[in-house]
>>> print(open('my_file36.tsv').read())   # TSV, C-alpha atoms and all ligand atoms
chain	number	residue	atom	x	y	z
A	1	MET	CA	20.87	13.70	-1.14
A	2	LYS	CA	19.90	16.27	1.41
A	3	MET	CA	16.44	16.64	-0.04
A	4	ILE	CA	15.25	13.23	1.11
A	5	LYS	CA	15.99	13.99	4.73
A	6	GLU	CA	14.20	17.33	4.53
A	7	ASN	CA	11.28	15.93	2.58
A	8	LEU	CA	10.86	13.16	5.13
A	9	GLU	CA	10.90	15.58	8.02
A	10	PHE	CA	8.30	17.67	6.24
A	11	VAL	CA	6.00	14.71	5.57
A	12	GLN	CA	6.42	13.28	9.07
A	13	THR	CA	5.65	16.63	10.65
A	14	ARG	CA	2.51	16.98	8.57
A	15	ILE	CA	1.41	13.48	9.54
A	16	LYS	CA	1.85	14.34	13.21
A	17	GLU	CA	-0.06	17.58	12.81
A	18	VAL	CA	-2.97	16.03	11.00
A	19	CYS	CA	-3.14	13.27	13.62
A	20	LYS	CA	-3.33	15.89	16.32
A	21	ARG	CA	-6.12	17.72	14.49
A	22	ALA	CA	-8.01	14.50	13.83
A	23	GLU	CA	-7.42	13.32	17.41
A	24	ARG	CA	-5.64	10.22	16.24
A	25	ASP	CA	-2.61	8.53	17.77
A	26	PRO	CA	0.30	9.29	15.39
A	27	GLU	CA	1.49	5.73	16.02
A	28	SER	CA	-1.64	4.51	14.25
A	29	VAL	CA	-0.44	5.91	10.92
A	30	CYS	CA	2.49	4.26	9.19
A	31	LEU	CA	4.34	6.02	6.40
A	32	ILE	CA	5.35	3.84	3.46
A	33	ALA	CA	8.11	5.38	1.37
A	34	VAL	CA	7.15	4.52	-2.21
A	35	SER	CA	10.53	3.94	-3.78
A	36	LYS	CA	9.60	2.64	-7.24
A	37	THR	CA	12.04	3.82	-9.93
A	38	GLN	CA	14.36	5.24	-7.25
A	39	PRO	CA	17.97	4.06	-7.03
A	40	VAL	CA	19.14	2.02	-4.05
A	41	GLU	CA	21.07	5.03	-2.71
A	42	ALA	CA	17.84	6.94	-2.31
A	43	LEU	CA	16.35	4.11	-0.24
A	44	GLU	CA	19.51	3.96	1.86
A	45	GLU	CA	19.11	7.64	2.58
A	46	ALA	CA	15.53	7.15	3.72
A	47	TYR	CA	16.60	4.10	5.73
A	48	ALA	CA	19.21	6.21	7.51
A	49	GLN	CA	16.38	8.54	8.51
A	50	GLY	CA	14.59	5.64	10.18
A	51	ILE	CA	12.24	4.54	7.39
A	52	ARG	CA	11.62	0.78	7.45
A	53	ASP	CA	8.55	0.50	5.21
A	54	PHE	CA	9.13	0.73	1.48
A	55	GLY	CA	6.60	0.35	-1.31
A	56	GLU	CA	7.34	-1.03	-4.75
A	57	ASN	CA	5.02	-1.71	-7.66
A	58	LYS	CA	7.11	-4.16	-9.67
A	59	VAL	CA	8.12	-7.60	-8.49
A	60	GLN	CA	11.48	-7.58	-10.23
A	61	GLU	CA	12.46	-4.22	-8.78
A	62	LEU	CA	11.33	-5.17	-5.29
A	63	MET	CA	13.43	-8.32	-5.41
A	64	GLU	CA	16.52	-6.54	-6.66
A	65	LYS	CA	16.33	-3.98	-3.87
A	66	GLU	CA	15.40	-6.54	-1.23
A	67	ALA	CA	18.54	-8.50	-2.06
A	68	VAL	CA	20.92	-5.64	-1.34
A	69	LEU	CA	19.20	-3.66	1.41
A	70	PRO	CA	18.96	-4.39	5.16
A	71	LYS	CA	16.82	-7.30	6.23
A	72	ASP	CA	14.69	-5.38	8.71
A	73	ILE	CA	12.92	-3.53	5.88
A	74	ARG	CA	9.23	-4.30	5.41
A	75	TRP	CA	8.56	-4.50	1.68
A	76	HIS	CA	5.08	-3.54	0.54
A	77	MET	CA	3.89	-4.76	-2.83
A	78	ILE	CA	1.56	-1.98	-3.94
A	79	GLY	CA	1.37	-2.53	-7.69
A	80	HIS	CA	-0.77	-4.78	-9.83
A	81	LEU	CA	0.40	-8.35	-9.35
A	82	GLN	CA	0.36	-10.96	-12.09
A	83	ARG	CA	-0.24	-14.54	-11.08
A	84	ASN	CA	2.97	-15.77	-12.68
A	85	LYS	CA	4.96	-13.43	-10.42
A	86	VAL	CA	3.35	-14.55	-7.18
A	87	LYS	CA	5.99	-17.21	-6.55
A	88	TYR	CA	8.68	-14.54	-6.27
A	89	ILE	CA	6.85	-12.25	-3.93
A	90	VAL	CA	5.32	-14.55	-1.33
A	91	GLY	CA	7.70	-14.75	1.60
A	92	LYS	CA	9.47	-11.55	0.50
A	93	ALA	CA	6.69	-9.00	0.78
A	94	TYR	CA	5.57	-8.02	4.26
A	95	LEU	CA	2.16	-7.09	2.88
A	96	ILE	CA	0.58	-7.39	-0.55
A	97	HIS	CA	-1.75	-4.40	-1.00
A	98	SER	CA	-3.10	-5.18	-4.43
A	99	VAL	CA	-5.18	-8.36	-4.33
A	100	ASP	CA	-8.23	-7.83	-6.50
A	101	SER	CA	-9.37	-11.25	-7.67
A	102	VAL	CA	-10.11	-14.72	-6.37
A	103	ARG	CA	-7.69	-16.25	-8.87
A	104	LEU	CA	-4.82	-14.10	-7.67
A	105	ALA	CA	-5.61	-14.89	-4.04
A	106	GLU	CA	-5.75	-18.59	-4.86
A	107	GLU	CA	-2.29	-18.42	-6.38
A	108	ILE	CA	-0.95	-16.58	-3.32
A	109	SER	CA	-2.51	-19.22	-1.10
A	110	LYS	CA	-0.89	-22.05	-3.05
A	111	GLU	CA	2.50	-20.41	-2.87
A	112	ALA	CA	2.18	-19.62	0.83
A	113	LEU	CA	1.35	-23.25	1.57
A	114	LYS	CA	4.27	-24.42	-0.51
A	115	LYS	CA	6.63	-22.13	1.40
A	116	GLY	CA	5.02	-22.76	4.78
A	117	VAL	CA	4.30	-19.07	5.38
A	118	ILE	CA	1.26	-16.93	5.96
A	119	ALA	CA	0.75	-14.21	3.38
A	120	ASP	CA	-0.79	-11.02	4.69
A	121	ILE	CA	-2.83	-9.22	2.08
A	122	LEU	CA	-5.15	-6.30	1.50
A	123	VAL	CA	-8.02	-6.33	-0.93
A	124	GLU	CA	-7.73	-3.48	-3.42
A	125	VAL	CA	-10.97	-1.66	-4.05
A	126	ASN	CA	-11.50	0.77	-6.88
A	127	VAL	CA	-13.83	2.99	-4.86
A	128	ALA	CA	-13.70	5.79	-7.39
A	129	GLU	CA	-14.71	3.31	-10.08
A	130	GLU	CA	-12.13	4.55	-12.52
A	131	GLU	CA	-12.02	2.43	-15.65
A	132	THR	CA	-8.27	2.63	-15.96
A	133	LYS	CA	-7.57	1.29	-12.49
A	134	PHE	CA	-7.29	-2.19	-11.06
A	135	GLY	CA	-9.21	-3.20	-7.98
A	136	ALA	CA	-12.55	-4.76	-7.19
A	137	ASN	CA	-15.58	-2.56	-7.49
A	138	THR	CA	-17.22	-1.52	-4.27
A	139	GLU	CA	-20.29	-3.74	-4.59
A	140	GLU	CA	-18.38	-6.93	-5.29
A	141	SER	CA	-15.63	-6.30	-2.74
A	142	CYS	CA	-17.47	-7.75	0.22
A	143	ASN	CA	-18.15	-10.96	-1.70
A	144	LEU	CA	-14.56	-11.03	-2.81
A	145	VAL	CA	-13.34	-10.80	0.79
A	146	GLU	CA	-15.62	-13.69	1.74
A	147	GLN	CA	-14.41	-15.84	-1.14
A	148	ILE	CA	-10.75	-15.12	-0.47
A	149	SER	CA	-11.05	-15.64	3.28
A	150	VAL	CA	-11.46	-19.40	2.90
A	151	PHE	CA	-8.06	-19.90	1.29
A	152	PRO	CA	-5.44	-21.32	3.65
A	153	GLY	CA	-2.15	-19.50	4.08
A	154	ILE	CA	-3.70	-16.07	3.60
A	155	ARG	CA	-4.79	-13.45	6.08
A	156	ILE	CA	-6.87	-10.49	4.95
A	157	LYS	CA	-5.79	-7.52	7.02
A	158	GLY	CA	-7.76	-4.71	5.44
A	159	LEU	CA	-8.40	-2.69	2.30
A	160	MET	CA	-6.42	-0.56	-0.10
A	161	THR	CA	-7.44	2.02	-2.65
A	162	ILE	CA	-5.78	4.28	-5.17
A	163	ALA	CA	-7.75	7.50	-5.42
A	164	PRO	CA	-7.85	9.53	-8.62
A	165	TYR	CA	-5.26	12.15	-9.37
A	166	VAL	CA	-6.87	15.45	-8.42
A	167	GLU	CA	-5.82	19.07	-8.02
A	168	ASP	CA	-7.78	19.49	-4.81
A	169	SER	CA	-7.31	16.66	-2.32
A	170	GLU	CA	-10.73	17.43	-0.82
A	171	ASP	CA	-12.20	15.86	-3.96
A	172	ASN	CA	-10.92	12.49	-2.75
A	173	ARG	CA	-12.36	12.69	0.74
A	174	LYS	CA	-15.54	10.90	-0.32
A	175	PHE	CA	-13.53	7.96	-1.67
A	176	PHE	CA	-11.48	7.57	1.51
A	177	CYS	CA	-14.65	7.81	3.54
A	178	LYS	CA	-16.22	5.14	1.35
A	179	LEU	CA	-13.30	2.75	1.86
A	180	LYS	CA	-13.48	3.24	5.62
A	181	GLN	CA	-17.22	2.57	5.60
A	182	LEU	CA	-16.69	-0.53	3.51
A	183	ALA	CA	-14.17	-1.81	6.06
A	184	ILE	CA	-16.69	-1.24	8.84
A	185	ASP	CA	-19.41	-3.09	6.90
A	186	ILE	CA	-17.08	-6.03	6.26
A	187	MET	CA	-16.01	-6.13	9.91
A	188	LYS	CA	-19.63	-6.45	10.97
A	189	LYS	CA	-19.88	-9.68	9.00
A	190	ASN	CA	-17.37	-11.34	11.32
A	191	ILE	CA	-15.74	-13.37	8.59
A	192	ASP	CA	-13.16	-15.91	9.80
A	193	ASN	CA	-9.58	-14.98	9.01
A	194	VAL	CA	-10.51	-11.39	8.17
A	195	THR	CA	-9.59	-8.27	10.10
A	196	MET	CA	-10.01	-4.74	8.84
A	197	ASP	CA	-7.31	-3.07	10.90
A	198	ILE	CA	-5.46	-1.71	7.89
A	199	LEU	CA	-6.63	0.97	5.51
A	200	SER	CA	-3.97	1.71	2.91
A	201	MET	CA	-4.96	5.02	1.29
A	202	GLY	CA	-3.48	8.42	0.55
A	203	MET	CA	-0.48	9.41	-1.56
A	204	THR	CA	1.63	12.57	-1.88
A	205	GLY	CA	-1.27	14.74	-2.99
A	206	ASP	CA	-3.88	13.61	-0.52
A	207	TYR	CA	-2.41	11.75	2.46
A	208	GLU	CA	-3.62	14.35	4.97
A	209	VAL	CA	-7.23	13.96	3.92
A	210	ALA	CA	-6.77	10.17	3.91
A	211	ILE	CA	-5.50	10.28	7.51
A	212	GLU	CA	-8.47	12.38	8.54
A	213	GLU	CA	-10.68	9.67	7.07
A	214	GLY	CA	-8.89	6.82	8.84
A	215	ALA	CA	-5.86	5.74	6.80
A	216	THR	CA	-3.43	3.53	8.73
A	217	TYR	CA	-0.90	3.32	5.88
A	218	VAL	CA	-0.14	6.27	3.65
A	219	ARG	CA	1.95	5.62	0.54
A	220	VAL	CA	4.13	8.60	-0.29
A	221	GLY	CA	6.57	8.61	-3.20
A	222	THR	CA	7.11	11.98	-4.84
A	223	GLY	CA	6.75	13.81	-1.55
A	224	ILE	CA	9.81	11.99	-0.23
A	225	PHE	CA	12.00	11.21	-3.22
A	226	GLY	CA	10.97	13.93	-5.66
A	227	GLU	CA	9.72	13.37	-9.18
A	228	ARG	CA	10.20	9.91	-10.64
A	229	ASN	CA	12.27	9.49	-13.76
A	230	TYR	CA	10.64	6.65	-15.66
A	231	SER	CA	12.83	6.94	-18.73
A	232	THR	CA	16.09	5.90	-17.09
A	233	LYS	CA	15.14	3.53	-14.33
A	234	SER	CA	11.84	1.79	-14.72
A	235	LYS	CA	11.29	-1.17	-16.97
A	301	LIG	C1	3.39	5.40	-7.12
A	301	LIG	C2	2.38	5.01	-6.12
A	301	LIG	C3	2.20	5.76	-4.94
A	301	LIG	C4	2.98	7.02	-4.61
A	301	LIG	O1	2.56	8.09	-5.42
A	301	LIG	P1	3.06	9.57	-5.15
A	301	LIG	O2	2.03	10.43	-5.76
A	301	LIG	O3	4.40	9.69	-5.79
A	301	LIG	O4	3.15	9.75	-3.67
A	301	LIG	C5	1.27	5.30	-4.02
A	301	LIG	N1	0.54	4.18	-4.25
A	301	LIG	C6	0.68	3.46	-5.37
A	301	LIG	C7	-0.15	2.23	-5.55
A	301	LIG	C8	1.60	3.84	-6.33
A	301	LIG	O5	1.71	3.10	-7.45
>>> encode(input="my_file36.tsv", output="structure tokens")
Amino acid sequence: MKMIKENLEFVQTRIKEVCKRAERDPESVCLIAVSKTQPVEALEEAYAQGIRDFGENKVQELMEKEAVLPKDIRWHMIGHLQRNKVKYIVGKAYLIHSVDSVRLAEEISKEALKKGVIADILVEVNVAEEETKFGANTEESCNLVEQISVFPGIRIKGLMTIAPYVEDSEDNRKFFCKLKQLAIDIMKKNIDNVTMDILSMGMTGDYEVAIEEGATYVRVGTGIFGERNYSTKSK
């Protein structure tokens, strides 16, 4: 799988270049290899290239891969999370990017207490206000952060968004900018247990623009592993 190595080098070079342009420390941007639907061999290939952050959107798939891959991998849960699956993911995921309701956060809190761990989470905001997407709407997100922040066993580390699929990545700049501004506004409120150090935004089509607007995690799937084949692998 020679492609993965080359794709990774390409993406990593572009990240470095955009950081230089934007006068950002390249160390401040972490690349998450989004490995959903990809076979374990593909992840091993990326691992061999030094990748330690992998993103999955299904609990079952994350657990299966976690069980067989090296223990120093940081697993990012980036997909919609159902409350009945929380028990499997707390303690396994390094960061849950997709918390968008008080009820979900409450469940994560309960499970974290039960396991004696702290669950690090991001609040997912649907800044583009797309009807088909999960995530809190922009107006209610600040309230949501406040409500979630009181739960024990949880630390809110920042915000995540999934921007629309667009031909021209410039079209998403306003949404990334909006998420960054929202993080600044929330920071100013000085809520206990809440930091806004992480902004998880940008995918294959628009990670450069996202970095220019302040992304600290970019989530790149296709750009590393190639097109996903949902028919054979995903369930
Ligand atoms: C699949 C997925 C990605 C990666 O998308 P690509 O366009 O393949 O880079 C990023 N974030 C989330 C939440 C995803 O579900």
>>> residues_near_ligand(input="my_file36.tsv", ligand="ligand LIG 301 (chain A)", cutoff="7 Å", atoms="all atoms listed in the file", output="list in words")
Val34, Lys36, Asn57, Ile78, Gly79, Ile162, Met203, Thr204, Gly205, Arg219, Val220, Gly221, Thr222 and Gly223 of chain A
>>> write_last_selection(input="my_file36.tsv", atoms="C-alpha atoms", output="JSON list (two decimals), in the frame of the given file")
[["chain", "number", "residue", "atom", "x", "y", "z"],
["A", 34, "VAL", "CA", 7.15, 4.52, -2.21],
["A", 36, "LYS", "CA", 9.60, 2.64, -7.24],
["A", 57, "ASN", "CA", 5.02, -1.71, -7.66],
["A", 78, "ILE", "CA", 1.56, -1.98, -3.94],
["A", 79, "GLY", "CA", 1.37, -2.53, -7.69],
["A", 162, "ILE", "CA", -5.78, 4.28, -5.17],
["A", 203, "MET", "CA", -0.48, 9.41, -1.56],
["A", 204, "THR", "CA", 1.63, 12.57, -1.88],
["A", 205, "GLY", "CA", -1.27, 14.74, -2.99],
["A", 219, "ARG", "CA", 1.95, 5.62, 0.54],
["A", 220, "VAL", "CA", 4.13, 8.60, -0.29],
["A", 221, "GLY", "CA", 6.57, 8.61, -3.20],
["A", 222, "THR", "CA", 7.11, 11.98, -4.84],
["A", 223, "GLY", "CA", 6.75, 13.81, -1.55]]
>>> residues_around(input="my_file36.tsv", residues="segment 84-99 of chain A", least_positions_apart="2", cutoff="8 Å", atoms="only C-alpha atoms", output="number ranges by chain")
A: 59, 63, 66, 74-82, 101, 104-105, 107-108, 111-112, 115, 117, 119-124, 135, 159-160, 200
>>> atom_distance(input="my_file36.tsv", atom1="atom CA of Ile51 of chain A", atom2="atom CA of Glu213 of chain A")
23.5 Å
>>> residues_around(input="my_file36.tsv", residues="Glu27 of chain A", least_positions_apart="4", cutoff="10 Å", atoms="only C-alpha atoms", output="ChimeraX atom specification")
/A:16,19,216
>>> atom_distance(input="my_file36.tsv", atom1="atom CA of Phe151 of chain A", atom2="atom CA of Lys188 of chain A")
20.2 Å
>>> residues_around(input="my_file36.tsv", residues="Val150 of chain A", least_positions_apart="3", cutoff="10 Å", atoms="only C-alpha atoms", output="list in words")
Glu106, Ser109, Val145, Glu146, Gln147, Gly153, Ile154, Arg155, Ile191, Asp192, Asn193 and Val194 of chain A
>>> residues_near_point(input="my_file36.tsv", point="(16.6, 7.6, 2.3)", cutoff="12 Å", atoms="only C-alpha atoms", output="PyMOL selection string")
chain A and resi 1-9+32-35+38-54+69+221+224-226
>>> write_last_selection(input="my_file36.tsv", atoms="C-alpha atoms", output="PDB file, keeping the file's coordinate frame")
ATOM      1  CA  MET A   1      20.870  13.700  -1.140  1.00  0.00           C
ATOM      2  CA  LYS A   2      19.900  16.270   1.410  1.00  0.00           C
ATOM      3  CA  MET A   3      16.440  16.640  -0.040  1.00  0.00           C
ATOM      4  CA  ILE A   4      15.250  13.230   1.110  1.00  0.00           C
ATOM      5  CA  LYS A   5      15.990  13.990   4.730  1.00  0.00           C
ATOM      6  CA  GLU A   6      14.200  17.330   4.530  1.00  0.00           C
ATOM      7  CA  ASN A   7      11.280  15.930   2.580  1.00  0.00           C
ATOM      8  CA  LEU A   8      10.860  13.160   5.130  1.00  0.00           C
ATOM      9  CA  GLU A   9      10.900  15.580   8.020  1.00  0.00           C
ATOM     10  CA  ILE A  32       5.350   3.840   3.460  1.00  0.00           C
ATOM     11  CA  ALA A  33       8.110   5.380   1.370  1.00  0.00           C
ATOM     12  CA  VAL A  34       7.150   4.520  -2.210  1.00  0.00           C
ATOM     13  CA  SER A  35      10.530   3.940  -3.780  1.00  0.00           C
ATOM     14  CA  GLN A  38      14.360   5.240  -7.250  1.00  0.00           C
ATOM     15  CA  PRO A  39      17.970   4.060  -7.030  1.00  0.00           C
ATOM     16  CA  VAL A  40      19.140   2.020  -4.050  1.00  0.00           C
ATOM     17  CA  GLU A  41      21.070   5.030  -2.710  1.00  0.00           C
ATOM     18  CA  ALA A  42      17.840   6.940  -2.310  1.00  0.00           C
ATOM     19  CA  LEU A  43      16.350   4.110  -0.240  1.00  0.00           C
ATOM     20  CA  GLU A  44      19.510   3.960   1.860  1.00  0.00           C
ATOM     21  CA  GLU A  45      19.110   7.640   2.580  1.00  0.00           C
ATOM     22  CA  ALA A  46      15.530   7.150   3.720  1.00  0.00           C
ATOM     23  CA  TYR A  47      16.600   4.100   5.730  1.00  0.00           C
ATOM     24  CA  ALA A  48      19.210   6.210   7.510  1.00  0.00           C
ATOM     25  CA  GLN A  49      16.380   8.540   8.510  1.00  0.00           C
ATOM     26  CA  GLY A  50      14.590   5.640  10.180  1.00  0.00           C
ATOM     27  CA  ILE A  51      12.240   4.540   7.390  1.00  0.00           C
ATOM     28  CA  ARG A  52      11.620   0.780   7.450  1.00  0.00           C
ATOM     29  CA  ASP A  53       8.550   0.500   5.210  1.00  0.00           C
ATOM     30  CA  PHE A  54       9.130   0.730   1.480  1.00  0.00           C
ATOM     31  CA  LEU A  69      19.200  -3.660   1.410  1.00  0.00           C
ATOM     32  CA  GLY A 221       6.570   8.610  -3.200  1.00  0.00           C
ATOM     33  CA  ILE A 224       9.810  11.990  -0.230  1.00  0.00           C
ATOM     34  CA  PHE A 225      12.000  11.210  -3.220  1.00  0.00           C
ATOM     35  CA  GLY A 226      10.970  13.930  -5.660  1.00  0.00           C
TER      36      GLY A 226
END
>>> atom_distance(input="my_file36.tsv", atom1="atom CA of Asp206 of chain A", atom2="atom CA of Ser169 of chain A")
4.9 Å
>>> residues_around(input="my_file36.tsv", residues="Val218 of chain A", least_positions_apart="4", cutoff="8 Å", atoms="all atoms listed in the file", output="compact mmCIF listing (two decimals) with C-alpha atoms, in the coordinates of the input")
# COMPACT_ATOMS: atom_id res chain seq x y z
CA VAL A 29 -0.44 5.91 10.92
CA CYS A 30 2.49 4.26 9.19
CA LEU A 31 4.34 6.02 6.40
CA ILE A 32 5.35 3.84 3.46
CA SER A 200 -3.97 1.71 2.91
CA MET A 201 -4.96 5.02 1.29
CA GLY A 202 -3.48 8.42 0.55
CA MET A 203 -0.48 9.41 -1.56
CA TYR A 207 -2.41 11.75 2.46
CA ALA A 210 -6.77 10.17 3.91
CA ILE A 211 -5.50 10.28 7.51
>>> residues_around(input="my_file36.tsv", residues="Asn137 of chain A", least_positions_apart="5", cutoff="10 Å", atoms="all atoms listed in the file", output="number ranges by chain")
A: 100, 124-130, 142, 144
>>> write_last_selection(input="my_file36.tsv", atoms="C-alpha atoms", output="CSV table (one decimal), in the frame of the given file")
chain,number,residue,atom,x,y,z
A,100,ASP,CA,-8.2,-7.8,-6.5
A,124,GLU,CA,-7.7,-3.5,-3.4
A,125,VAL,CA,-11.0,-1.7,-4.0
A,126,ASN,CA,-11.5,0.8,-6.9
A,127,VAL,CA,-13.8,3.0,-4.9
A,128,ALA,CA,-13.7,5.8,-7.4
A,129,GLU,CA,-14.7,3.3,-10.1
A,130,GLU,CA,-12.1,4.6,-12.5
A,142,CYS,CA,-17.5,-7.8,0.2
A,144,LEU,CA,-14.6,-11.0,-2.8
>>> closest_residue(input="my_file36.tsv", among="A:Asp185, A:Leu199, A:Glu170, A:Lys71", to="Gly158 of chain A", atoms="all atoms listed in the file")
A:Leu199
>>> axis_aligned_box(input="my_file36.tsv", around="segment 171-179 of chain A", padding_each_side="8 Å", output="AutoDock Vina command-line options")
--center_x -13.6 --center_y 9.3 --center_z -0.2 --size_x 21.3 --size_y 29.1 --size_z 23.5
